[in-house]
Amino acid sequence: MDKAQQENFSRICRQFKWKCTPQRLAVYECVFNNRCHPDVDSVWQSVRSKLPTVTRESVYRILNEFAGHDLIWRLDHVSSARYDCSTVPHGHFICEECGSISDFALQEDVGVFAGELPGEVRHMEIRYTGICESCKSKSTDSFR
């Protein structure tokens with residue numbers, strides 16, 4: 001983890017009055033250096049390589065704590081919850097074959113609605129599902 005990331009993590013801990021524990025730091029480092037939308041087990045495996053005694057429950061609690069404070073997004077209704085370090089508006093493409101999740105940019109006016117919404121929006125998610133190019137090419141290769 002570089003110095004800027006460590007300083008950012010310290011600032012976040014002060015802001016939310018959290019202790020800067022090695023477990024929180026390891027989860028933060030794993031998620032914020034990861035663009036593949038890891039699930040709790042992937043994060044746990046990564047954190048355990050540095051902190052062998054950390055429990056899955058601790059990692060899960062820390063991930064949800066981060067998500068509860070809008071530091072990351074929690075993507076539900078996939079095979080299991082996945083976590084996204086990018087909190088700027090963007091969409092997700094989820095492959096129905098391999099389960100990979102890819103980000104894609106959105107147009108600025110995508111959040112404009114006709115009429116009023118029945119409440120205050122805290123999060124908007126656009127999700128497409130289909131077959132990624134890698135899986136698509138594997139299936140066409142198997143027919144040759």
# chains A, B, ... in the order shown; residues from 1 in each chain; ligands from 1
call {"tool": "residues_around", "arguments": {"residues": "Arg56 (chain A)", "least_positions_apart": "2", "cutoff": "8 Å", "atoms": "only C-alpha atoms", "output": "list of chain:residue names"}}
result
A:Val40, A:Asp41, A:Trp44, A:Val54, A:Ser58, A:Val59, A:Tyr60
call {"tool": "closest_atom_pairs", "arguments": {"of": "region 50-144 of chain A", "to": "region 1-21 of chain A", "cutoff": "12 Å", "atoms": "only C-alpha atoms", "output": "Markdown table"}}
result
| residue | atom | partner | partner_atom | distance |
| --- | --- | --- | --- | --- |
| A:Leu51 | CA | A:Thr21 | CA | 11.4 |
| A:Val54 | CA | A:Thr21 | CA | 11.5 |
| A:Ser58 | CA | A:Thr21 | CA | 11.4 |
| A:Val59 | CA | A:Thr21 | CA | 12.0 |
| A:Ile62 | CA | A:Thr21 | CA | 10.6 |
| A:Glu65 | CA | A:Phe16 | CA | 10.2 |
| A:Phe66 | CA | A:Ile12 | CA | 9.9 |
| A:Gly68 | CA | A:Phe16 | CA | 11.1 |
| A:His69 | CA | A:Phe16 | CA | 8.4 |
| A:Asp70 | CA | A:Ile12 | CA | 11.3 |
| A:Leu71 | CA | A:Ile12 | CA | 9.0 |
call {"tool": "atom_distance", "arguments": {"atom1": "CA of Phe104 (chain A)", "atom2": "CA of Cys135 (chain A)"}}
result
18.2 Å
call {"tool": "closest_residue", "arguments": {"among": "A:Val31, A:Cys132, A:Val88, A:Ala26", "to": "Ala105 (chain A)", "atoms": "only C-alpha atoms"}}
result
A:Val88
call {"tool": "residues_around", "arguments": {"residues": "Phe32 (chain A)", "least_positions_apart": "5", "cutoff": "9 Å", "atoms": "only C-alpha atoms", "output": "ChimeraX atom specification"}}
result
/A:5,27,72,84-86
call {"tool": "write_last_selection", "arguments": {"atoms": "N, CA and C atoms", "output": "mmCIF file, in the first residue's frame"}}
result
data_model
loop_
_atom_site.group_PDB
_atom_site.id
_atom_site.type_symbol
_atom_site.label_atom_id
_atom_site.label_comp_id
_atom_site.auth_asym_id
_atom_site.auth_seq_id
_atom_site.Cartn_x
_atom_site.Cartn_y
_atom_site.Cartn_z
ATOM 1 N N GLN A 5 -2.463 6.011 0.022
ATOM 2 C CA GLN A 5 -3.552 5.128 0.447
ATOM 3 C C GLN A 5 -3.589 5.011 1.963
ATOM 4 N N VAL A 27 -8.368 -5.217 4.797
ATOM 5 C CA VAL A 27 -9.577 -5.271 3.962
ATOM 6 C C VAL A 27 -9.596 -4.073 3.022
ATOM 7 N N ILE A 72 -17.598 1.849 -0.363
ATOM 8 C CA ILE A 72 -17.684 0.864 -1.438
ATOM 9 C C ILE A 72 -19.165 0.601 -1.694
ATOM 10 N N ASP A 84 -17.568 -3.355 -4.662
ATOM 11 C CA ASP A 84 -17.036 -2.523 -5.730
ATOM 12 C C ASP A 84 -16.394 -1.283 -5.126
ATOM 13 N N CYS A 85 -15.120 -1.071 -5.403
ATOM 14 C CA CYS A 85 -14.415 0.083 -4.841
ATOM 15 C C CYS A 85 -14.732 1.376 -5.579
ATOM 16 N N SER A 86 -15.348 1.290 -6.733
ATOM 17 C CA SER A 86 -15.691 2.491 -7.492
ATOM 18 C C SER A 86 -17.080 2.958 -7.083
#
call {"tool": "atom_distance", "arguments": {"atom1": "CA of Pro22 (chain A)", "atom2": "CA of Lys50 (chain A)"}}
result
9.4 Å
call {"tool": "residues_around", "arguments": {"residues": "His37 (chain A)", "least_positions_apart": "4", "cutoff": "7 Å", "atoms": "only C-alpha atoms", "output": "list in words"}}
result
Arg82, Tyr83, Asp84 and Ile101 of chain A
call {"tool": "atom_distance", "arguments": {"atom1": "CA of Glu29 (chain A)", "atom2": "CA of Val47 (chain A)"}}
result
8.9 Å
call {"tool": "decode", "arguments": {"residues": "region 27-110 of chain A", "atoms": "C-alpha atoms", "output": "tab-separated table (two decimals), in the first residue's frame"}}
result
chain	number	residue	atom	x	y	z
A	27	VAL	CA	-9.58	-5.27	3.96
A	28	TYR	CA	-9.26	-1.68	2.74
A	29	GLU	CA	-6.03	-2.49	0.91
A	30	CYS	CA	-7.51	-5.59	-0.72
A	31	VAL	CA	-10.72	-3.94	-1.91
A	32	PHE	CA	-9.21	-0.67	-3.06
A	33	ASN	CA	-6.51	-2.43	-5.08
A	34	ASN	CA	-9.02	-4.76	-6.72
A	35	ARG	CA	-11.14	-4.03	-9.78
A	36	CYS	CA	-12.76	-7.47	-10.14
A	37	HIS	CA	-15.60	-6.93	-7.63
A	38	PRO	CA	-14.48	-9.53	-5.08
A	39	ASP	CA	-16.85	-11.47	-2.86
A	40	VAL	CA	-16.32	-11.85	0.88
A	41	ASP	CA	-14.45	-15.16	0.48
A	42	SER	CA	-11.96	-13.67	-1.99
A	43	VAL	CA	-11.29	-10.74	0.32
A	44	TRP	CA	-10.99	-13.11	3.30
A	45	GLN	CA	-8.44	-15.29	1.47
A	46	SER	CA	-6.38	-12.24	0.56
A	47	VAL	CA	-6.50	-10.78	4.07
A	48	ARG	CA	-5.64	-14.17	5.63
A	49	SER	CA	-2.39	-14.25	3.65
A	50	LYS	CA	-1.27	-11.28	5.81
A	51	LEU	CA	-3.33	-11.92	8.95
A	52	PRO	CA	-3.83	-15.70	9.31
A	53	THR	CA	-6.08	-15.41	12.37
A	54	VAL	CA	-8.65	-13.05	10.84
A	55	THR	CA	-12.13	-14.56	10.67
A	56	ARG	CA	-14.50	-14.54	7.72
A	57	GLU	CA	-17.08	-12.85	9.97
A	58	SER	CA	-14.67	-9.98	10.71
A	59	VAL	CA	-14.00	-9.44	7.01
A	60	TYR	CA	-17.74	-9.57	6.25
A	61	ARG	CA	-18.49	-7.06	9.03
A	62	ILE	CA	-15.75	-4.69	7.83
A	63	LEU	CA	-16.95	-4.89	4.20
A	64	ASN	CA	-20.49	-4.09	5.26
A	65	GLU	CA	-19.22	-1.29	7.50
A	66	PHE	CA	-17.42	0.21	4.48
A	67	ALA	CA	-20.54	-0.23	2.35
A	68	GLY	CA	-22.73	1.30	5.07
A	69	HIS	CA	-20.61	4.45	4.92
A	70	ASP	CA	-20.60	4.56	1.09
A	71	LEU	CA	-16.88	3.84	0.80
A	72	ILE	CA	-17.68	0.86	-1.44
A	73	TRP	CA	-20.83	-0.48	-3.06
A	74	ARG	CA	-22.32	-3.83	-2.20
A	75	LEU	CA	-23.72	-5.66	-5.23
A	76	ASP	CA	-26.42	-8.05	-4.11
A	77	HIS	CA	-28.44	-10.60	-6.03
A	78	VAL	CA	-25.44	-11.96	-7.85
A	79	SER	CA	-24.38	-15.47	-6.77
A	80	SER	CA	-23.17	-13.89	-3.52
A	81	ALA	CA	-22.62	-10.28	-2.45
A	82	ARG	CA	-19.74	-8.66	-4.30
A	83	TYR	CA	-17.99	-5.39	-3.44
A	84	ASP	CA	-17.04	-2.52	-5.73
A	85	CYS	CA	-14.42	0.08	-4.84
A	86	SER	CA	-15.69	2.49	-7.49
A	87	THR	CA	-18.45	4.63	-6.01
A	88	VAL	CA	-18.83	6.98	-8.97
A	89	PRO	CA	-21.95	6.33	-11.06
A	90	HIS	CA	-21.33	3.47	-13.50
A	91	GLY	CA	-23.01	0.30	-14.71
A	92	HIS	CA	-22.17	-3.38	-14.41
A	93	PHE	CA	-22.13	-6.15	-16.98
A	94	ILE	CA	-22.38	-9.60	-15.37
A	95	CYS	CA	-21.50	-12.68	-17.38
A	96	GLU	CA	-24.08	-15.44	-16.92
A	97	GLU	CA	-21.46	-18.10	-17.72
A	98	CYS	CA	-18.35	-17.24	-15.68
A	99	GLY	CA	-19.82	-14.68	-13.25
A	100	SER	CA	-17.29	-11.97	-14.10
A	101	ILE	CA	-18.38	-8.39	-13.45
A	102	SER	CA	-17.17	-5.52	-15.62
A	103	ASP	CA	-17.76	-1.81	-15.15
A	104	PHE	CA	-18.97	0.45	-17.93
A	105	ALA	CA	-19.44	4.22	-18.13
A	106	LEU	CA	-22.86	5.81	-18.07
A	107	GLN	CA	-24.09	8.94	-19.78
A	108	GLU	CA	-24.55	11.86	-17.41
A	109	ASP	CA	-28.33	12.03	-17.83
A	110	VAL	CA	-28.95	8.35	-17.09
